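Encoded as structure tokens, the structure appears first; notes follow it.
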Amino acid sequence: MLSKPQEKGSAVARKRKSADELWRIVADGVLADMQIDRCKLPGIINQRKSMTIKTSIIAAVLLMAGCATLSKDECLNADWQIIGFEDASNGYAMDRIGQHRKACASVKVVPDMAAYEAGHRKGARQYCTRERGYSEGVDGKAYNGICPLDLVDTFMQAYRDGQERYQFEKHLDDLAATMVSIKHRIEEIDADIAYHEGEIISEQSGSESRAEHLNIIRELRYELSDLQMELVNLEEQHYRLDGDYLHLLNQHRRQGYQ
């Protein structure tokens with residue numbers, strides 16, 4: 001019978017194991033959606049110098065979850081045909097079994113390649129549909145070349161159509177973000193000009209100080225004029241692109257895409 005300290009320690013260990021497993025499940029869900037190999041995540045993070053808070057949190061979750069694609073329990077109880085099926089259903093290529101092999105090495109479990117391949121072939125047929133091709137393209141996901149010959153043409157046509165929509169949406173989002181940034185800068189310039197104008201009429205300002213403030217205002221107004229022209233240009237681009245995007249959506253609806 002365990003003593004109270006031992007019982008407490010065992011309970012803490014169980015909670016920690018449950019928490020670790022929860023982190024891994026969350027990470028796997030994010031990875032499946034983003035189609036990013038967890039083992040490659042540190043390199044991806046290093047390449048991105050600026051990260052949003054949301055992205056940083058996701059990255060932290062993934063790193064805390066570790067690099068293994070399967071837990072020890074999953075390795076010990078693995079049905080390699082099901083694993084192959086699930087991998088293909090999520091768009092992963094056959095080489096993902098190499099990551100499973102590394103994950104299971106610590107418990108001396110070797111993947112059953114034949115069973116994995118059989119499951120992967122079945123999963124690929126479920127994945128390689130017209131509907132899935134379009135949705136993968138719209139989401140900006142990578143295609144890993146897993147579709148069989150009799151399905152690849154239909155899948156790829158839908159995938160390219162989805163990619164076209166993705167590019168439109170990305171361009172619209174980029175334009176919108178740039179316009180927001182310019183508007184913020186215009187607001188800052190307006191505030192700066194108001195400040196320097198106030199300094200010019202201040203009784204405490206001397207002639208040299210007023211001249212300096214006038215020069216600053218002149219430079220700010222040059223920048224303001226350039227930004228206002230750029231903003232008008234971007235708004236026109238966004239308007240035209242949005243019209244083309246709506247036309248594309250109508251075309252895709254006529255083609256049966258959702």
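Chain lettering (A, B, ...) mirrors the order of the structure tokens, residue numbering begins at 1 for each chain separately, and ligand numbering begins at 1 in order of display.
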
Spatial neighbours of A:Ala191, max dist 12 Å, only C-alpha atoms, sep filter under 6 positions, as a list in words
His184, Arg185, Glu197, Gly198, Ile217, Leu220, Arg221 and Leu224 of chain A

List as an NGL selection string the protein and nucleic acid residues near stretch 105-114 of chain A, meaning an atom at most 10 Å away when only C-alpha atoms are counted, but skip any in the same chain fewer than 4 places from it.
:A and (71-73 or 75-81 or 83-84 or 94 or 97-101 or 118-120)

Looking at only C-alpha atoms, which of A:Ala103, A:Ile146, A:Asp153, A:Ala68 is the one that sits closest to A:Arg121?
A:Ile146

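Within the 8 Å cut-off around A:His238, using only C-alpha atoms and omitting residues fewer than 4 positions from it on the same chain, the listed residues are Leu172, Leu175, Ala176, Leu234 and Asp242 of chain A.
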
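Each of A:His213, A:Lys183, A:Arg96, A:Arg240 was compared to A:Asn144 using only C-alpha atoms, and A:Arg96 turns out to be the nearest.
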
If we count only C-alpha atoms and set the cut-off at 6 Å, which residues sit around A:Ala88, ignoring sequence neighbours fewer than 3 positions away in its own chain? Please answer as a PyMOL selection string.
chain A and resi 85+91-92+120+123-124

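Of the listed residues A:Met179, A:Cys104, A:Ala158, A:Leu149, the one whose atoms come nearest to A:Gln237 is A:Met179, with distances taken using only C-alpha atoms.
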
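Put simply, atom CA of A:Glu219 is 11.1 Å away from atom CA of A:Asp192.
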
For A:Gly256, the closest of A:Lys122, A:Arg130, A:His171, A:Arg160 counting only C-alpha atoms is A:Arg130

Which of stretch 75-179 of chain A DSSP labels alpha helix (DSSP H), written as a ChimeraX atom specification
/A:75-76,80-89,96-104,113-127,130-138,149-179

Residue among A:Ala194, A:Leu241, A:Leu248, A:Ile186 lying closest to A:Ser225, counting only C-alpha atoms:
A:Ile186

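Of note, atom CA of A:Gly243 and atom CA of A:Gly137 are spaced 20.7 Å apart.
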
Can you tell me, as a list in words, what residues are no more than 9 Å from A:Arg125 when counting only C-alpha atoms, ignoring any on the same chain fewer than 6 positions away?
Ala88, Ser89, Cys147, Pro148 and Leu151 of chain A

Could you save those same residues with N, CA, C and O atoms as a CSV table (one decimal), in the first residue's frame?
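Output file again-v6.csv is given in full below:
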```csv
chain,number,residue,atom,x,y,z
A,88,ALA,N,-2.9,9.5,-44.8
A,88,ALA,CA,-3.3,9.9,-46.2
A,88,ALA,C,-4.5,10.7,-46.2
A,88,ALA,O,-4.7,11.6,-47.0
A,89,SER,N,-5.5,10.4,-45.3
A,89,SER,CA,-6.7,11.2,-45.2
A,89,SER,C,-6.5,12.6,-44.9
A,89,SER,O,-7.3,13.5,-45.2
A,147,CYS,N,-2.1,11.5,-54.7
A,147,CYS,CA,-3.3,11.0,-55.4
A,147,CYS,C,-2.9,10.0,-56.4
A,147,CYS,O,-2.0,10.1,-57.2
A,148,PRO,N,-3.7,8.9,-56.5
A,148,PRO,CA,-3.5,7.9,-57.6
A,148,PRO,C,-3.9,8.5,-59.0
A,148,PRO,O,-4.6,9.5,-59.1
A,151,LEU,N,-7.4,9.6,-60.0
A,151,LEU,CA,-8.0,10.6,-59.3
A,151,LEU,C,-7.3,12.0,-59.4
A,151,LEU,O,-7.8,13.0,-59.0
```
